[in-house]
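Asker: Provided herewith: data_5.cif, mmCIF, C-alpha atoms and all ligand atoms.
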```cif
data_input
#
loop_
_atom_site.label_atom_id
_atom_site.label_comp_id
_atom_site.auth_asym_id
_atom_site.auth_seq_id
_atom_site.Cartn_x
_atom_site.Cartn_y
_atom_site.Cartn_z
CA MET A 1 -20.85 -20.12 50.03
CA THR A 2 -23.83 -21.43 51.84
CA THR A 3 -24.52 -25.05 52.65
CA VAL A 4 -27.91 -26.28 51.46
CA SER A 5 -29.86 -29.19 52.92
CA TYR A 6 -32.89 -30.37 51.00
CA VAL A 7 -36.28 -31.41 52.33
CA TYR A 8 -38.36 -34.15 50.70
CA PRO A 9 -41.74 -32.42 50.25
CA ASN A 10 -45.20 -33.60 51.26
CA VAL A 11 -46.21 -34.77 47.76
CA ALA A 12 -49.86 -35.59 47.09
CA SER A 13 -49.41 -39.29 46.30
CA LEU A 14 -48.08 -40.07 49.80
CA LYS A 15 -50.32 -41.24 52.57
CA GLN A 16 -51.12 -38.09 54.57
CA ARG A 17 -50.01 -38.24 58.21
CA GLY A 18 -48.28 -41.53 57.43
CA GLY A 19 -45.88 -43.25 55.06
CA PHE A 20 -42.95 -41.82 56.99
CA ASP A 21 -40.60 -44.72 56.29
CA GLU A 22 -41.39 -44.36 52.59
CA ARG A 23 -40.80 -40.61 52.77
CA TRP A 24 -37.43 -41.20 54.42
CA ARG A 25 -36.45 -43.73 51.73
CA LEU A 26 -37.42 -41.24 49.01
CA ALA A 27 -35.50 -38.50 50.81
CA ARG A 28 -32.33 -40.56 50.81
CA GLU A 29 -32.84 -41.46 47.15
CA HIS A 30 -32.96 -37.76 46.29
CA GLY A 31 -30.14 -36.68 48.60
CA CYS A 32 -32.52 -34.91 50.98
CA ALA A 33 -31.57 -34.47 54.63
CA TYR A 34 -35.13 -34.10 55.92
CA ILE A 35 -38.69 -35.20 55.28
CA GLU A 36 -41.75 -33.06 55.76
CA VAL A 37 -44.29 -34.23 58.34
CA PRO A 38 -47.74 -32.64 57.96
CA ALA A 39 -49.24 -31.27 61.18
CA ASP A 40 -52.39 -29.55 59.97
CA PHE A 41 -55.58 -29.18 61.94
CA ILE A 42 -58.55 -31.43 61.05
CA LYS A 43 -58.65 -30.97 57.32
CA ASN A 44 -61.27 -33.10 55.55
CA ARG A 45 -64.29 -35.36 55.88
CA THR A 46 -62.22 -38.48 56.48
CA GLU A 47 -60.51 -36.85 59.44
CA VAL A 48 -63.79 -35.44 60.80
CA ARG A 49 -65.22 -38.98 60.68
CA ALA A 50 -62.15 -40.64 62.16
CA THR A 51 -61.85 -38.26 65.11
CA GLY A 52 -65.36 -36.92 65.74
CA LEU A 53 -63.87 -33.41 65.77
CA ASP A 54 -65.06 -30.47 63.67
CA LEU A 55 -63.38 -29.36 60.49
CA CYS A 56 -60.41 -27.08 61.38
CA ALA A 57 -60.35 -28.18 65.05
CA VAL A 58 -56.95 -28.51 66.70
CA PRO A 59 -56.52 -32.29 67.09
CA ASP A 60 -56.17 -33.51 70.67
CA ARG A 61 -54.09 -36.50 71.82
CA ALA A 62 -56.79 -39.09 71.05
CA ALA A 63 -57.29 -37.66 67.55
CA ILE A 64 -53.55 -37.62 66.88
CA GLU A 65 -53.27 -41.27 67.88
CA LYS A 66 -56.02 -42.09 65.36
CA LEU A 67 -54.65 -39.90 62.55
CA TYR A 68 -50.95 -40.76 62.54
CA ASP A 69 -49.17 -43.99 61.70
CA GLY A 70 -45.88 -44.34 63.55
CA ASP A 71 -43.11 -45.93 61.47
CA SER A 72 -40.08 -47.76 62.77
CA VAL A 73 -37.25 -46.56 60.51
CA PHE A 74 -38.54 -43.02 60.97
CA ARG A 75 -38.41 -43.47 64.73
CA ASP A 76 -34.81 -44.70 64.59
CA GLU A 77 -33.16 -42.36 62.17
CA ALA A 78 -35.30 -39.85 60.25
CA HIS A 79 -34.77 -36.11 60.36
CA SER A 80 -37.96 -34.19 59.92
CA ILE A 81 -39.66 -30.86 59.60
CA LEU A 82 -43.09 -30.48 61.13
CA HIS A 83 -45.25 -28.34 58.86
CA THR A 84 -48.01 -26.89 61.04
CA GLU A 85 -51.41 -25.50 59.98
CA PRO A 86 -51.10 -22.74 57.35
CA SER A 87 -54.73 -21.57 57.86
CA LEU A 88 -55.96 -22.94 54.54
CA ARG A 89 -59.63 -22.98 53.58
CA ARG A 90 -60.95 -26.54 53.95
CA THR A 91 -64.16 -28.24 52.87
CA ASP A 92 -65.81 -31.22 54.52
CA GLY A 93 -67.27 -32.68 51.33
CA TYR A 94 -70.85 -31.96 52.51
CA GLY A 95 -70.81 -28.29 51.54
CA ILE A 96 -69.31 -26.93 54.74
CA SER A 97 -66.18 -24.89 54.31
CA ALA A 98 -64.06 -23.38 57.06
CA GLN A 99 -60.71 -21.78 57.65
CA ALA A 100 -58.75 -22.46 60.83
CA PRO A 101 -57.65 -19.15 62.35
CA LEU A 102 -54.15 -18.93 63.81
CA LYS A 103 -54.62 -17.15 67.14
CA TRP A 104 -51.14 -16.46 68.45
CA TYR A 105 -52.70 -13.67 70.56
CA ASP A 106 -54.99 -16.08 72.42
CA ALA A 107 -53.33 -17.86 75.37
CA GLY A 108 -55.79 -20.77 75.39
CA TRP A 109 -55.45 -21.41 71.67
CA ARG A 110 -51.69 -21.12 71.88
CA GLU A 111 -51.61 -23.79 74.57
CA ARG A 112 -53.69 -26.15 72.40
CA PHE A 113 -51.38 -25.50 69.45
CA VAL A 114 -48.24 -26.23 71.49
CA GLN A 115 -49.83 -29.36 72.96
CA MET A 116 -50.69 -30.61 69.48
CA VAL A 117 -47.10 -30.20 68.32
CA LEU A 118 -45.81 -32.06 71.39
CA ASP A 119 -48.36 -34.84 70.91
CA VAL A 120 -47.55 -35.33 67.22
CA SER A 121 -43.83 -35.70 67.99
CA ASP A 122 -44.54 -37.96 70.95
CA VAL A 123 -46.91 -40.23 68.99
CA LEU A 124 -44.38 -40.48 66.14
CA GLY A 125 -41.71 -41.34 68.69
CA ARG A 126 -39.08 -38.89 67.49
CA PRO A 127 -38.70 -35.13 67.89
CA ALA A 128 -38.65 -32.88 64.83
CA ASP A 129 -35.46 -31.05 63.89
CA LEU A 130 -37.44 -28.07 62.73
CA ILE A 131 -40.99 -26.71 63.03
CA GLU A 132 -42.63 -24.44 60.46
CA VAL A 133 -45.33 -22.00 61.57
CA HIS A 134 -47.45 -19.42 59.74
CA PRO A 135 -48.33 -15.82 60.61
CA GLY A 136 -52.15 -15.82 60.70
CA ASP A 137 -54.38 -12.81 60.13
CA ARG A 138 -53.74 -9.20 61.12
CA ARG A 139 -55.04 -9.62 64.65
CA ASN A 140 -51.64 -11.24 65.31
CA THR A 141 -48.69 -8.98 66.09
CA THR A 142 -45.03 -9.93 65.82
CA GLN A 143 -44.91 -9.93 69.64
CA ASP A 144 -47.80 -12.46 69.76
CA ILE A 145 -45.91 -14.68 67.34
CA ILE A 146 -42.61 -14.31 69.19
CA GLY A 147 -44.25 -15.07 72.55
CA SER A 148 -45.83 -18.18 71.07
CA VAL A 149 -42.57 -19.38 69.54
CA VAL A 150 -40.82 -18.92 72.89
CA SER A 151 -43.45 -21.06 74.64
CA LEU A 152 -43.25 -23.66 71.87
CA LEU A 153 -39.45 -23.86 72.17
CA ASP A 154 -39.57 -24.08 75.97
CA ALA A 155 -42.30 -26.73 75.96
CA TYR A 156 -40.51 -28.77 73.29
CA GLU A 157 -37.26 -28.64 75.19
CA GLY A 158 -39.06 -29.65 78.37
CA ALA A 159 -40.65 -32.65 76.64
CA PHE A 160 -37.80 -33.90 74.44
CA GLY A 161 -34.64 -32.36 75.84
CA MET A 162 -33.76 -30.57 72.61
CA ARG A 163 -34.53 -27.23 71.01
CA PRO A 164 -35.73 -27.52 67.43
CA ALA A 165 -35.39 -24.64 64.99
CA VAL A 166 -38.65 -22.78 64.38
CA MET A 167 -39.21 -21.05 61.05
CA LEU A 168 -42.07 -18.77 60.11
CA GLU A 169 -43.29 -18.99 56.52
CA ASN A 170 -44.62 -15.86 54.78
CA ARG A 171 -48.17 -16.33 53.50
CA THR A 172 -50.20 -14.33 51.02
CA GLY A 173 -53.00 -12.43 52.77
CA GLN A 174 -51.61 -13.05 56.28
CA CYS A 175 -49.95 -10.55 58.60
CA ILE A 176 -46.43 -11.40 57.40
CA GLN A 177 -46.43 -11.68 53.64
CA GLU A 178 -43.53 -9.63 52.31
CA GLY A 179 -39.99 -8.44 52.98
CA ARG A 180 -40.90 -5.37 55.03
CA GLU A 181 -42.94 -7.46 57.49
CA ILE A 182 -40.34 -10.24 57.68
CA ARG A 183 -37.75 -7.58 58.42
CA LYS A 184 -39.86 -6.23 61.29
CA LEU A 185 -40.14 -9.75 62.70
CA ALA A 186 -36.35 -10.18 62.35
CA ASP A 187 -35.75 -6.90 64.21
CA ASP A 188 -38.18 -7.83 66.99
CA VAL A 189 -36.63 -11.31 67.35
CA ALA A 190 -33.15 -9.78 67.46
CA ALA A 191 -34.32 -7.43 70.21
CA ARG A 192 -35.15 -10.49 72.33
CA GLY A 193 -31.53 -11.63 72.20
CA ASP A 194 -29.19 -14.03 70.45
CA ASP A 195 -30.62 -17.16 72.05
CA LEU A 196 -33.95 -16.68 70.34
CA LEU A 197 -32.32 -15.58 67.10
CA ALA A 198 -30.38 -18.85 67.04
CA SER A 199 -33.61 -20.87 67.12
CA PHE A 200 -36.08 -18.72 65.20
CA GLY A 201 -35.92 -17.47 61.63
CA CYS A 202 -37.86 -17.32 58.39
CA VAL A 203 -38.51 -19.92 55.73
CA LEU A 204 -39.29 -17.86 52.66
CA ASP A 205 -41.81 -19.13 50.14
CA VAL A 206 -40.50 -17.32 47.09
CA GLN A 207 -43.59 -17.96 44.95
CA GLN A 208 -45.85 -16.44 47.61
CA LEU A 209 -43.54 -13.47 47.99
CA HIS A 210 -43.76 -12.94 44.24
CA THR A 211 -47.56 -13.23 44.25
CA VAL A 212 -47.69 -10.34 46.74
CA THR A 213 -44.87 -8.17 45.41
CA LYS A 214 -44.74 -8.88 41.63
CA GLU A 215 -42.01 -6.69 40.07
CA ARG A 216 -40.89 -5.57 43.57
CA CYS A 217 -40.05 -9.20 44.39
CA PHE A 218 -36.27 -8.95 44.52
CA ALA A 219 -36.32 -5.60 46.33
CA SER A 220 -38.69 -7.07 48.92
CA PHE A 221 -36.49 -10.16 49.37
CA ASP A 222 -33.48 -7.86 49.67
CA LEU A 223 -35.03 -6.04 52.67
CA VAL A 224 -34.74 -9.12 54.89
CA PRO A 225 -31.47 -9.49 56.83
CA PRO A 226 -29.81 -12.56 55.25
CA ALA A 227 -29.03 -14.10 58.65
CA PHE A 228 -32.78 -14.35 59.40
CA LEU A 229 -33.44 -16.32 56.18
CA ARG A 230 -32.86 -19.95 57.19
CA GLY A 231 -34.90 -21.75 54.57
CA PHE A 232 -36.73 -21.48 51.27
CA HIS A 233 -39.74 -23.07 49.63
CA ILE A 234 -38.91 -23.23 45.94
CA HIS A 235 -41.60 -24.02 43.39
CA ARG A 236 -43.58 -22.37 40.61
CA LYS A 237 -47.25 -22.66 41.64
CA HIS A 238 -46.26 -26.01 43.20
CA GLY A 239 -44.70 -27.21 39.92
CA THR A 240 -41.08 -27.13 38.72
CA PRO A 241 -39.63 -23.61 38.40
CA SER A 242 -37.63 -22.41 35.42
CA VAL A 243 -35.43 -19.39 34.67
CA GLY A 244 -38.13 -18.16 32.26
CA ASP A 245 -40.60 -17.63 35.17
CA PRO A 246 -41.53 -14.06 36.14
CA ILE A 247 -39.95 -14.84 39.56
CA PRO A 248 -36.37 -13.44 39.61
CA TRP A 249 -34.87 -16.85 40.46
CA GLU A 250 -31.38 -15.99 39.22
CA ARG A 251 -30.93 -12.89 41.38
CA ILE A 252 -32.54 -14.48 44.43
CA CYS A 253 -30.61 -17.74 44.18
CA ALA A 254 -27.34 -15.93 43.49
CA LYS A 255 -27.82 -13.98 46.73
CA ILE A 256 -28.73 -17.13 48.70
CA GLY A 257 -25.51 -18.69 47.41
CA THR A 258 -23.50 -15.92 49.14
CA PHE A 259 -24.98 -16.55 52.61
CA ASP A 260 -22.43 -17.66 55.16
CA HIS A 261 -24.93 -19.72 57.18
CA PRO A 262 -26.59 -23.04 56.22
CA VAL A 263 -30.09 -23.05 54.73
CA ILE A 264 -32.73 -25.63 53.95
CA ILE A 265 -34.62 -25.79 50.67
CA ASN A 266 -37.99 -27.47 50.35
CA PRO A 267 -38.73 -28.04 46.64
CA GLU A 268 -42.42 -27.73 47.45
CA VAL A 269 -43.98 -29.42 44.40
CA HIS A 270 -47.17 -31.47 44.57
CA HIS A 271 -46.14 -34.32 42.26
CA LYS A 272 -43.63 -36.97 43.16
CA ASN A 273 -42.21 -37.01 39.64
CA LYS A 274 -41.32 -33.29 39.86
CA VAL A 275 -39.16 -33.56 42.98
CA GLY A 276 -35.98 -34.69 41.22
CA GLU A 277 -36.03 -31.99 38.55
CA THR A 278 -36.91 -29.27 41.07
CA ILE A 279 -33.99 -30.25 43.30
CA GLY A 280 -31.85 -30.26 40.14
CA PHE A 281 -33.03 -26.71 39.40
CA CYS A 282 -32.14 -25.57 42.94
CA ARG A 283 -28.74 -27.27 42.90
CA GLY A 284 -27.97 -25.59 39.60
CA MET A 285 -29.07 -22.17 40.86
CA VAL A 286 -27.89 -22.14 44.48
CA GLY A 287 -25.45 -24.98 44.82
CA GLY A 288 -25.31 -28.60 45.83
CA GLY A 289 -24.64 -28.53 49.51
CA LYS A 290 -24.20 -31.53 51.71
CA PRO A 291 -27.16 -33.77 52.45
CA SER A 292 -26.73 -33.65 56.21
CA PRO A 293 -28.93 -32.11 58.90
CA GLN A 294 -27.85 -28.64 59.93
CA TRP A 295 -30.23 -28.03 62.81
ZN ZN B 1 -44.62 -22.94 51.12
#
```
Show how you would write the structure in this file as structure tokens.
Ligand SMILES: [Zn+2]

Answerer:
Amino acid sequence: MTTVSYVYPNVASLKQRGGFDERWRLAREHGCAYIEVPADFIKNRTEVRATGLDLCAVPDRAAIEKLYDGDSVFRDEAHSILHTEPSLRRTDGYGISAQAPLKWYDAGWRERFVQMVLDVSDVLGRPADLIEVHPGDRRNTTQDIIGSVVSLLDAYEGAFGMRPAVMLENRTGQCIQEGREIRKLADDVAARGDDLLASFGCVLDVQQLHTVTKERCFASFDLVPPAFLRGFHIHRKHGTPSVGDPIPWERICAKIGTFDHPVIINPEVHHKNKVGETIGFCRGMVGGGKPSPQW
């Protein structure tokens, strides 16, 4: 039976890019081993004003120092997951809307991305246990993504003396959105050797997989080698899931429960008052696990 560690999600009522001590307190209250730390690109008018950067720009060191509040308990003891830019459409409140591309194929962009991740961890004063990344559009190949993850891991190790886990999240409309594509990534990562496979896997957003695959959802999930599935985002359109949903929760969770490696679950709901019941749902479906960091 698999061991599950829970992640306290980035709920809407929390201060964005701050409130990390509060997040850690809430995590412990709910038996979560990790908190989520948002690491998006410049995402709204407030951030444009605060930093002088354009909407969707990759924040530089000066911007990161303005945007993030360091917190002391966090610095001493928190375990965290850095959730990097998913390439969401953003609006600046003046009628401008933009979408940050993820350009894993572009060496200059990749360097800025890696630098941002290093700077966020450095400004917060504590390295992340795990970093979540997203696929980007179809200009990106699995080799572009793998090359980028390798440079991220090497740079992170160089800066902080530890190798975090990196997990790629499937996203609707991006180049890795369903089981077949995740399987190809798993095969290509495996071809690079066991060292990379130990640090790089997939965090599966089950709702997004269902949006893309509908009644093929379980079959698509079943295509991915279990060992590559290291984490799950569990929610129903960012609310609490239930067994009556069209998502085949029972079959999926039953299979997760048979994994012989540890996994993380982020009950990715938007409202603070849904976190407890969503973790309760997951515990009932997959199992309780131990609230201790696995990575
Ligand atoms: Zn997600």

Asker: Go through A:Met1, A:Val73, A:Ala50, A:Val224 and flag the residue nearest Trp24 (chain A), using all atoms listed in the file for the distances.

Answerer: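 For Trp24 (chain A), the nearest of the given residues is A:Val73.
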
Asker: List as a PyMOL selection string the protein and nucleic acid residues lying within 10 Å of ligand ZN 1 (chain B), with only C-alpha atoms and all ligand atoms counted.

Answerer: chain A and resi 9+83+86+132+134+169-171+203-208+232-235+237-238+266-269

Asker: Excluding same-chain residues fewer than 3 positions from Ala27 (chain A), what lies within 10 Å of it counting only C-alpha atoms, as a list of chain:residue names?

Answerer: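 Contacts, in chain order: A:Tyr6, A:Val7, A:Tyr8, A:Pro9, A:Asp21, A:Glu22, A:Arg23, A:Trp24, A:His30, A:Gly31, A:Cys32, A:Ala33, A:Tyr34, A:Ile35, A:Glu36, A:Ala78, A:His79, A:Val275, A:Pro291.
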
Asker: Just want the 9 Å neighbourhood of region 121-123 of chain A, counted on only C-alpha atoms, with same-chain residues fewer than 2 positions away dropped. Output as a list in words.

Answerer: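 These residues fall inside the cut-off: Arg61, Ile64, Glu65, Tyr68, Asp69, Gly70, Leu82, Met116, Val117, Leu118, Asp119, Gly125, Arg126, Pro127, Ala128, Ala159 and Phe160 of chain A.
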
Asker: Taking all atoms listed in the file into account, name the residue in A:Arg216, A:Arg49, A:His270, A:Asp129 that is nearest to Met162 (chain A).

Answerer: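 Smallest separation from Met162 (chain A) among the options: A:Asp129.
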
Asker: A:Ser72, A:Glu77, A:Cys202, A:Val4: which is nearest Arg28 (chain A), counting only C-alpha atoms?

Answerer: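 For Arg28 (chain A), the nearest of the candidates is A:Glu77.
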
Asker: Give the answer as one residue: which of A:Glu47, A:Asp54, A:Glu29, A:Glu250 has the shortest atom-to-atom distance to Lys66 (chain A), using all atoms listed in the file?

Answerer: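 Ranked by minimum distance to Lys66 (chain A), first place goes to A:Glu47.
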
Asker: CA of Arg180 (chain A) to CA of Ile252 (chain A): how many Å, to one decimal?

Answerer: 16.3 Å

Asker: My list of candidates is A:Ala165, A:Ile131, A:Leu67, A:Leu55. Which is closest to Tyr94 (chain A) when distances are computed with all atoms listed in the file?

Answerer: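 Looking at the shortest contact to Tyr94 (chain A), the residue is A:Leu55.
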
Asker: So that each row is one residue of region 152-240 of chain A with an atom at most 7 Å from region 137-144 of chain A, can you give its shortest atom pair and the distance in Å to one decimal, using all atoms listed in the file, rows by chain and rising number, as JSON lines?

Answerer:
```
{"residue": "A:Gln174", "atom": "CA", "partner": "A:Asp137", "partner_atom": "CA", "distance": 4.7}
{"residue": "A:Cys175", "atom": "CA", "partner": "A:Arg138", "partner_atom": "CA", "distance": 4.7}
{"residue": "A:Leu185", "atom": "CA", "partner": "A:Thr142", "partner_atom": "CA", "distance": 5.8}
```

Asker: Pick out the closest residue to Gly147 (chain A) from this set: A:Asp245, A:Glu215, A:Asp106, A:Asp71. Count only C-alpha atoms.

Answerer: A:Asp106

Asker: Record the distance separating CA of Gly201 (chain A) and CA of Arg236 (chain A), expressed in Å with one decimal.

Answerer: 22.9 Å

Asker: How big is the axis-aligned box around all listed atoms of region 99-107 of chain A once 6 Å goes on each side, and where's its centre, in Å to one decimal, as lines of an AutoDock Vina configuration file?

Answerer:
```
center_x = -55.9
center_y = -18.1
center_z = 66.5
size_x = 21.6
size_y = 20.8
size_z = 29.7
```

Asker: I'd like the interatomic distance between CA of Ala155 (chain A) and CA of Lys15 (chain A), to a tenth of an Å.

Answerer: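 Distance between the two atoms: 28.7 Å.
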
Asker: Got a sec: who's within 12 Å of Leu229 (chain A), counting all atoms listed in the file, leaving out chain neighbours fewer than 6 positions off, as number ranges by chain?

Answerer: A: 2, 166-170, 179, 182-183, 185-186, 197-206, 221-223, 252, 255-256, 259-265
